[in-house]
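Please read the structure below before turning to the comments.
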Amino acid sequence: MPSVEAVILASGFSRRLGVDKVTQDICGKSVLSRVVETALGAGLEKVVVVLRERGQSRMVPNDARISILYNENAESGMSSAIKLAILRSEPQFDSFLFLNGDMPFFSADSLARLIGLWKRDPEKIACIRHGDVLRGPVIFPRKYTNMLLSLEGEKGGRELLINNSSHVVFIEIANQDELVDIDTQEDLERARKICRSLRS
């Protein structure tokens with residue numbers, strides 16, 4: 001059975017928000033805590049969390065399935081977190097699942113659907129589609145390792161999705177709230193509005 005190593009990318013500087021976005025409270029938990037719980041809830045056996053500072057580790061549950069990496073090259077952008085995770089990955093896993101650490105509403109059910117899709121065709125890249133846009137979370141088989149290691153700056157895997165579109169499979173996400181990510185103050189307010197609607 002093909003296997004997946006999940007990587008939660010959470011070593012950014014939150015410059016547009018002005019405060020560390022992964023520490024922000026969303027529905028009573030930090031953004032990062034919610035994302036980690038999503039990964040564990042999807043049944044993943046290995047979850048790597050890439051952080052910038054050691055103090056951020058307090059938001060990561062104490063679980064044998066989780067390991068933490070600290071990105072000393074965080075100034076170089078998201079690509080540095082991707083490279084670090086790949087270079088420190090465990091060789092028994094067949095693919096990398098990259099999940100941004102600022103998506104507090106992406107559900108474990110959707111993540112499990114994505115993993116199930118990839119397992120049916122493990123040579124393909126598996127990702128999310130909303131409307132006409134392909135985006136993460138995304139699963140890359142190991143054969144794309146060199147392409148991922150060639151990324152620079154803030155480039156994530158989206159460019160690889162576009163350049164390898166004939167090798168991409170995807171699941172549709174109808175609920176746009178699942179795809180909310182926290183980049184700006186407006187995003188944070190929207191996320192908290194979603195929390196209020198969930199409680200009402």
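Here's how to read the names in the structure tokens: chain A, B, ... by the order shown, residue numbers from 1 in each chain, ligand numbers from 1 in the order shown.
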Using DSSP on the backbone coordinates, identify the residues of segment 4-199 of chain A assigned to strand (DSSP E or B); present them as JSON, numbers by chain. {"A": [4, 5, 6, 7, 8, 9, 10, 25, 26, 29, 30, 47, 48, 49, 50, 51, 66, 67, 68, 69, 70, 95, 96, 97, 98, 99, 100, 125, 126, 127, 128, 129, 130, 133, 134, 135, 136, 137, 138, 139, 140, 141, 168, 169, 170, 171, 172]}
Grab the residues selected above and save them as a PDB file, in the first residue's frame with C-alpha atoms.
ATOM      1  CA  VAL A   4       2.283   9.363   2.569  1.00  0.00           C
ATOM      2  CA  GLU A   5       4.470  11.594   4.741  1.00  0.00           C
ATOM      3  CA  ALA A   6       2.592  14.784   5.560  1.00  0.00           C
ATOM      4  CA  VAL A   7       4.458  18.093   5.797  1.00  0.00           C
ATOM      5  CA  ILE A   8       2.798  21.101   7.422  1.00  0.00           C
ATOM      6  CA  LEU A   9       4.482  24.289   6.219  1.00  0.00           C
ATOM      7  CA  ALA A  10       4.428  26.804   9.084  1.00  0.00           C
ATOM      8  CA  ASP A  25      -6.978  31.822  18.017  1.00  0.00           C
ATOM      9  CA  ILE A  26      -9.618  30.349  15.721  1.00  0.00           C
ATOM     10  CA  LYS A  29      -7.556  26.791  19.207  1.00  0.00           C
ATOM     11  CA  SER A  30      -4.517  28.142  17.425  1.00  0.00           C
ATOM     12  CA  VAL A  47       3.261  14.313  10.192  1.00  0.00           C
ATOM     13  CA  VAL A  48       6.244  16.665   9.957  1.00  0.00           C
ATOM     14  CA  VAL A  49       5.674  20.243  11.126  1.00  0.00           C
ATOM     15  CA  VAL A  50       8.144  22.817   9.803  1.00  0.00           C
ATOM     16  CA  LEU A  51       8.407  25.795  12.165  1.00  0.00           C
ATOM     17  CA  ILE A  66       4.511  14.058  14.831  1.00  0.00           C
ATOM     18  CA  SER A  67       8.037  15.361  14.373  1.00  0.00           C
ATOM     19  CA  ILE A  68       9.151  18.984  14.277  1.00  0.00           C
ATOM     20  CA  LEU A  69      11.764  20.604  12.058  1.00  0.00           C
ATOM     21  CA  TYR A  70      13.061  24.145  12.541  1.00  0.00           C
ATOM     22  CA  SER A  95       5.058  10.620  -1.403  1.00  0.00           C
ATOM     23  CA  PHE A  96       4.934  14.017   0.282  1.00  0.00           C
ATOM     24  CA  LEU A  97       1.671  15.688   1.254  1.00  0.00           C
ATOM     25  CA  PHE A  98       2.184  19.428   1.645  1.00  0.00           C
ATOM     26  CA  LEU A  99      -0.367  21.265   3.754  1.00  0.00           C
ATOM     27  CA  ASN A 100      -0.118  24.962   4.567  1.00  0.00           C
ATOM     28  CA  ILE A 125       0.102  14.354  -8.349  1.00  0.00           C
ATOM     29  CA  ALA A 126      -3.079  14.760  -6.295  1.00  0.00           C
ATOM     30  CA  CYS A 127      -4.431  18.152  -5.285  1.00  0.00           C
ATOM     31  CA  ILE A 128      -7.503  20.260  -4.579  1.00  0.00           C
ATOM     32  CA  ARG A 129      -9.637  22.083  -7.128  1.00  0.00           C
ATOM     33  CA  HIS A 130     -12.088  24.856  -6.389  1.00  0.00           C
ATOM     34  CA  VAL A 133      -8.107  26.667  -9.727  1.00  0.00           C
ATOM     35  CA  LEU A 134      -5.774  23.831  -8.715  1.00  0.00           C
ATOM     36  CA  ARG A 135      -4.218  24.327  -5.304  1.00  0.00           C
ATOM     37  CA  GLY A 136      -3.003  22.648  -2.142  1.00  0.00           C
ATOM     38  CA  PRO A 137      -3.067  20.581  -0.113  1.00  0.00           C
ATOM     39  CA  VAL A 138      -1.126  18.583  -2.684  1.00  0.00           C
ATOM     40  CA  ILE A 139       0.532  15.174  -2.780  1.00  0.00           C
ATOM     41  CA  PHE A 140       3.711  14.734  -4.819  1.00  0.00           C
ATOM     42  CA  PRO A 141       5.128  11.249  -5.480  1.00  0.00           C
ATOM     43  CA  VAL A 168      -2.567  15.753 -11.970  1.00  0.00           C
ATOM     44  CA  VAL A 169      -5.705  14.316 -10.388  1.00  0.00           C
ATOM     45  CA  PHE A 170      -7.862  16.303  -7.997  1.00  0.00           C
ATOM     46  CA  ILE A 171     -10.850  16.381  -5.712  1.00  0.00           C
ATOM     47  CA  GLU A 172     -13.381  19.195  -5.846  1.00  0.00           C
TER      48      GLU A 172
END
Please identify all polymer residues within 12 Å of Lys193 of chain A, counting only C-alpha atoms, omitting same-chain residues fewer than 5 positions from it, and present them as a list in words.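 In the requested form, the answer reads Ile26, Cys27, Asp177, Val180, Glu186, Asp187, Leu188, Leu198, Arg199 and Ser200 of chain A.
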Atoms to include: N, CA and C atoms. Write the selected residues as a tab-separated table (two decimals), in the first residue's frame.
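Output below, filename out.tsv:
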chain	number	residue	atom	x	y	z
A	26	ILE	N	-8.48	30.57	16.61
A	26	ILE	CA	-9.62	30.35	15.72
A	26	ILE	C	-10.49	29.29	16.37
A	27	CYS	N	-11.68	29.67	16.78
A	27	CYS	CA	-12.63	28.74	17.40
A	27	CYS	C	-12.04	28.07	18.64
A	177	ASP	N	-15.27	27.76	2.58
A	177	ASP	CA	-14.71	28.02	3.90
A	177	ASP	C	-13.51	27.11	4.20
A	180	VAL	N	-10.14	28.71	3.27
A	180	VAL	CA	-9.70	29.98	3.86
A	180	VAL	C	-8.30	29.81	4.42
A	186	GLU	N	-7.98	40.92	7.15
A	186	GLU	CA	-9.31	40.62	6.62
A	186	GLU	C	-9.57	39.11	6.65
A	187	ASP	N	-8.54	38.33	6.32
A	187	ASP	CA	-8.68	36.87	6.37
A	187	ASP	C	-8.97	36.40	7.80
A	188	LEU	N	-8.26	37.01	8.76
A	188	LEU	CA	-8.44	36.63	10.16
A	188	LEU	C	-9.85	36.96	10.63
A	198	LEU	N	-20.53	29.04	13.16
A	198	LEU	CA	-20.54	27.65	13.55
A	198	LEU	C	-21.15	27.48	14.96
A	199	ARG	N	-20.97	28.50	15.79
A	199	ARG	CA	-21.50	28.41	17.17
A	199	ARG	C	-22.98	28.75	17.23
A	200	SER	N	-23.48	29.48	16.22
A	200	SER	CA	-24.87	29.95	16.28
A	200	SER	C	-25.87	28.88	15.83
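In terms of minimum interatomic distance to Ser76 of chain A, A:Ser11 ranks closest within A:Gln92, A:Ser11, A:Ser107, A:Thr23, counting only C-alpha atoms.
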Determine, counting only C-alpha atoms, which protein, DNA and RNA residues have an atom within 12 Å of an atom of Arg15 of chain A; residues of the same chain fewer than 4 positions away are not included. Present the result as a PDB file with C-alpha atoms, in the first residue's frame.
ATOM      1  CA  SER A  11       7.748  28.660   9.032  1.00  0.00           C
ATOM      2  CA  VAL A  19       1.554  38.969  13.895  1.00  0.00           C
ATOM      3  CA  ASP A  20       2.392  35.273  13.828  1.00  0.00           C
ATOM      4  CA  LYS A  21      -0.650  33.859  12.041  1.00  0.00           C
ATOM      5  CA  GLU A  75      14.080  34.064   5.210  1.00  0.00           C
ATOM      6  CA  GLY A  77      10.750  31.629   1.630  1.00  0.00           C
ATOM      7  CA  ILE A 182      -4.865  33.423   7.022  1.00  0.00           C
ATOM      8  CA  ASP A 183      -2.686  35.987   5.252  1.00  0.00           C
ATOM      9  CA  THR A 184      -4.216  39.349   6.130  1.00  0.00           C
ATOM     10  CA  GLN A 185      -6.268  40.957   8.888  1.00  0.00           C
TER      11      GLN A 185
END
DSSP helix (DSSP H, G or I) selection over segment 25-194 of chain A, as an MDAnalysis selection string: chainID A and resid 31:41 54:59 74:76 78:87 108:120 142:149 158:163 165:167 176:179 185:194
Can I get the selected residues back with C-alpha atoms, as a JSON list (two decimals), in the first residue's frame?
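Output below, filename part03.json:
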[["chain", "number", "residue", "atom", "x", "y", "z"],
["A", 31, "VAL", "CA", -4.50, 28.02, 13.64],
["A", 32, "LEU", "CA", -1.58, 25.59, 13.67],
["A", 33, "SER", "CA", -3.18, 23.30, 16.26],
["A", 34, "ARG", "CA", -6.26, 22.99, 14.06],
["A", 35, "VAL", "CA", -4.17, 22.11, 11.00],
["A", 36, "VAL", "CA", -2.17, 19.47, 12.90],
["A", 37, "GLU", "CA", -5.39, 17.94, 14.22],
["A", 38, "THR", "CA", -6.73, 17.79, 10.66],
["A", 39, "ALA", "CA", -3.66, 15.84, 9.52],
["A", 40, "LEU", "CA", -3.92, 13.41, 12.43],
["A", 41, "GLY", "CA", -7.67, 13.08, 11.95],
["A", 54, "ARG", "CA", 11.07, 26.87, 18.96],
["A", 55, "GLY", "CA", 8.38, 28.74, 20.87],
["A", 56, "GLN", "CA", 5.85, 27.77, 18.21],
["A", 57, "SER", "CA", 6.18, 24.12, 19.20],
["A", 58, "ARG", "CA", 3.80, 24.64, 22.14],
["A", 59, "MET", "CA", 0.95, 24.55, 19.60],
["A", 74, "ALA", "CA", 13.04, 30.69, 6.66],
["A", 75, "GLU", "CA", 14.08, 34.06, 5.21],
["A", 76, "SER", "CA", 14.51, 32.25, 1.87],
["A", 78, "MET", "CA", 8.40, 28.66, 1.46],
["A", 79, "SER", "CA", 10.73, 26.73, -0.83],
["A", 80, "SER", "CA", 13.24, 26.43, 2.02],
["A", 81, "ALA", "CA", 10.67, 24.64, 4.19],
["A", 82, "ILE", "CA", 9.81, 22.26, 1.36],
["A", 83, "LYS", "CA", 13.47, 21.44, 0.77],
["A", 84, "LEU", "CA", 14.19, 20.92, 4.46],
["A", 85, "ALA", "CA", 11.30, 18.48, 4.81],
["A", 86, "ILE", "CA", 12.34, 16.51, 1.74],
["A", 87, "LEU", "CA", 15.99, 16.28, 2.74],
["A", 108, "ALA", "CA", -9.90, 15.74, 7.93],
["A", 109, "ASP", "CA", -12.58, 14.19, 5.69],
["A", 110, "SER", "CA", -11.41, 16.20, 2.67],
["A", 111, "LEU", "CA", -7.80, 15.35, 3.42],
["A", 112, "ALA", "CA", -8.68, 11.65, 3.67],
["A", 113, "ARG", "CA", -10.48, 11.91, 0.30],
["A", 114, "LEU", "CA", -7.37, 13.43, -1.24],
["A", 115, "ILE", "CA", -5.15, 10.68, 0.14],
["A", 116, "GLY", "CA", -7.57, 8.02, -1.07],
["A", 117, "LEU", "CA", -7.55, 9.52, -4.57],
["A", 118, "TRP", "CA", -3.76, 9.47, -4.68],
["A", 119, "LYS", "CA", -3.56, 5.88, -3.44],
["A", 120, "ARG", "CA", -5.69, 4.77, -6.38],
["A", 142, "ARG", "CA", 8.84, 10.92, -4.73],
["A", 143, "LYS", "CA", 9.69, 10.99, -8.42],
["A", 144, "TYR", "CA", 9.12, 14.76, -8.26],
["A", 145, "THR", "CA", 11.78, 15.21, -5.58],
["A", 146, "ASN", "CA", 14.31, 16.93, -7.86],
["A", 147, "MET", "CA", 11.69, 19.36, -9.16],
["A", 148, "LEU", "CA", 10.66, 20.23, -5.60],
["A", 149, "LEU", "CA", 14.29, 20.73, -4.59],
["A", 158, "ARG", "CA", 1.62, 25.41, -7.71],
["A", 159, "GLU", "CA", 4.06, 25.95, -10.57],
["A", 160, "LEU", "CA", 4.68, 22.20, -10.67],
["A", 161, "LEU", "CA", 0.93, 21.58, -10.84],
["A", 162, "ILE", "CA", 0.68, 23.84, -13.89],
["A", 163, "ASN", "CA", 3.76, 22.42, -15.63],
["A", 165, "SER", "CA", -1.08, 19.25, -15.47],
["A", 166, "SER", "CA", -1.43, 16.06, -17.52],
["A", 167, "HIS", "CA", -0.23, 14.10, -14.48],
["A", 176, "GLN", "CA", -15.14, 27.61, 0.14],
["A", 177, "ASP", "CA", -14.71, 28.02, 3.90],
["A", 178, "GLU", "CA", -12.41, 24.97, 3.89],
["A", 179, "LEU", "CA", -9.97, 26.86, 1.71],
["A", 185, "GLN", "CA", -6.27, 40.96, 8.89],
["A", 186, "GLU", "CA", -9.31, 40.62, 6.62],
["A", 187, "ASP", "CA", -8.68, 36.87, 6.37],
["A", 188, "LEU", "CA", -8.44, 36.63, 10.16],
["A", 189, "GLU", "CA", -11.72, 38.48, 10.63],
["A", 190, "ARG", "CA", -13.39, 36.26, 8.06],
["A", 191, "ALA", "CA", -12.14, 33.17, 9.89],
["A", 192, "ARG", "CA", -13.51, 34.44, 13.19],
["A", 193, "LYS", "CA", -16.83, 35.23, 11.51],
["A", 194, "ILE", "CA", -16.97, 31.60, 10.35]]
Kindly give the distance, in Å, that separates atom CA of Glu123 of chain A and atom CA of Asn175 of chain A, rounded to a single decimal.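 Between atom CA of Glu123 of chain A and atom CA of Asn175 of chain A the gap is 27.6 Å.
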Report, in Å with one decimal, the straight-line distance from atom CA of Lys155 of chain A to atom CA of Gly12 of chain A.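 Taking atom CA of Lys155 of chain A as the start and atom CA of Gly12 of chain A as the end point, the length is 12.4 Å.
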Computed interatomic separation between atom CA of Phe105 of chain A and atom CA of Ala42 of chain A (Å): 13.5 Å
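Closest approach to Gly43 of chain A among A:Glu152, A:Asp121, A:Phe13, A:Ser3: A:Ser3, based on only C-alpha atoms.
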